[in-house]
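Here the structure is laid out as structure tokens; the discussion comes afterwards.
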Amino acid sequence: MRGRDDLVAYVTAALRDGAGRVDGALLAAAHRAMAQGRAKGLDAAAELGAAWRGTAETALEAEAQGTAFLSVTLAAWPEPRLAAFAARHPRRIVHAVAFGAAAAAHGVALPQAAFGYLAAFAANLVSAGVRLVPLGQTDGQKATAALLPVVAAAADAALGADLESLGTSSPALDLFSIRHETQYTRLFRS
């Protein structure tokens, strides 16, 4: 089915070359820094996360999600190191960094954390595609199933990513975001 294939291609590009690639690397860096007790490494991941968005709206979205995630996580599962990290960067920690730090603080292994985060990243995009294209729920599930090998590869890439040489190559995705954030009527924030 053409719509489903296009959706899988779009999510694949986002995972391999766009925000998913950056998010995976940031998550891994934050996880390692928290696990090793390196506050400066956590702070560096937070600063990079804040800088690594192609548009103002994707930055706002990532930081709002990170803030909400940390708020709920700290309320349900208080952890002093995570609370101190959140206090040092109020409302400026992107979701991937917040998730990576929280996973490490609560003993979730990095490979599982990266796979889980990126699987949710892909599933959220598929969910939006199901509503937007529109596709039926069955085609959405088929798209999600088709993406599992891509998610696994993206998680593996995140584990080996080097923040010093990290980059993306998804200008079309950024251009779509730039056009989208200035539209008068929209179905989604970003």
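Within each chain, counting starts at residue 1; across the structure tokens, chains are named A, B, ... in the order shown, with ligands numbered 1 upward in that order.
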
field: Contacts of A:Glu164 at 12 Å (only C-alpha atoms; same-chain gap of 6+ positions) as a ChimeraX atom specification
entry: /A:22,25-26,29,44-45,48

Deliver the residues from the most recent selection as a file, using N, CA and C atoms, as a short mmCIF file (atom, residue, chain, number, x, y, z; two decimals), in the first residue's frame.
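Just written: again_37.cif:
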```
data_model
loop_
_atom_site.label_atom_id
_atom_site.label_comp_id
_atom_site.auth_asym_id
_atom_site.auth_seq_id
_atom_site.Cartn_x
_atom_site.Cartn_y
_atom_site.Cartn_z
N VAL A 22 19.75 11.87 16.28
CA VAL A 22 20.27 12.78 17.30
C VAL A 22 19.76 12.37 18.68
N ALA A 25 21.61 9.32 20.11
CA ALA A 25 22.96 9.66 20.59
C ALA A 25 22.91 10.46 21.88
N LEU A 26 21.99 11.41 21.97
CA LEU A 26 21.86 12.21 23.20
C LEU A 26 21.40 11.35 24.37
N ALA A 29 24.39 9.36 25.57
CA ALA A 29 25.34 10.21 26.30
C ALA A 29 24.82 10.54 27.69
N ALA A 44 26.46 18.72 29.65
CA ALA A 44 26.83 18.87 28.24
C ALA A 44 25.76 18.25 27.34
N ALA A 45 25.24 17.08 27.73
CA ALA A 45 24.17 16.46 26.95
C ALA A 45 22.93 17.34 26.93
N LEU A 48 23.65 20.27 24.52
CA LEU A 48 23.60 19.82 23.12
C LEU A 48 22.16 19.53 22.70
#
```

- request: Can you pull out every residue within 10 Å of A:Val108, counting only C-alpha atoms, but drop anything in the same chain fewer than 6 positions away, and send it as a list in words?
  value: His31, Ala35, Gly100, Ala101, Ala102 and Ala114 of chain A

message: Please extract the residues of stretch 41-133 of chain A with a backbone DSSP assignment of alpha helix (DSSP H) and present them as an NGL selection string.
response: :A and (41-51 or 56-76 or 80-88 or 95-105 or 110-132)

Set out as CSV a contact list for stretch 41-159 of chain A and stretch 11-16 of chain A with a cut-off of 10 Å, giving each residue of stretch 41-159 of chain A that qualifies its closest atom pair and distance in Å to one decimal, counting only C-alpha atoms, ordered by chain and rising residue number.
```
residue,atom,partner,partner_atom,distance
A:Leu118,CA,A:Leu15,CA,7.7
A:Ala119,CA,A:Leu15,CA,9.7
A:Phe121,CA,A:Leu15,CA,8.3
A:Ala122,CA,A:Val11,CA,6.3
A:Ala123,CA,A:Val11,CA,9.1
A:Asn124,CA,A:Val11,CA,9.7
A:Leu125,CA,A:Val11,CA,6.7
A:Val126,CA,A:Val11,CA,7.5
A:Gly129,CA,A:Val11,CA,9.5
A:Ala143,CA,A:Val11,CA,9.4
A:Thr144,CA,A:Val11,CA,9.6
A:Ala146,CA,A:Thr12,CA,9.9
A:Leu147,CA,A:Thr12,CA,7.2
A:Pro149,CA,A:Thr12,CA,10.0
A:Val150,CA,A:Thr12,CA,6.6
A:Val151,CA,A:Leu15,CA,7.2
A:Ala153,CA,A:Arg16,CA,8.4
A:Ala154,CA,A:Arg16,CA,6.2
A:Ala155,CA,A:Leu15,CA,9.2
A:Ala157,CA,A:Arg16,CA,8.7
A:Ala158,CA,A:Arg16,CA,10.0
```

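Note that the spacing between atom CA of A:Asp23 and atom CA of A:Leu70 amounts to 16.2 Å.
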
message: Neighbouring residues of A:Ser71 were defined as those with any atom within 9 Å, considering only C-alpha atoms; residues of the same chain fewer than 5 positions away were excluded. Please report them as JSON, numbers by chain.
response: {"A": [66, 76, 86]}

Same residues, C-alpha atoms, saved as a PDB file, in the first residue's frame:
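Wrote it out as part20.pdb, contents follow:
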```pdb
ATOM      1  CA  GLY A  66      11.381  16.553  28.563  1.00  0.00           C
ATOM      2  CA  ALA A  76       6.394   9.028  40.934  1.00  0.00           C
ATOM      3  CA  ALA A  86      16.511  18.853  36.448  1.00  0.00           C
TER       4      ALA A  86
END
```
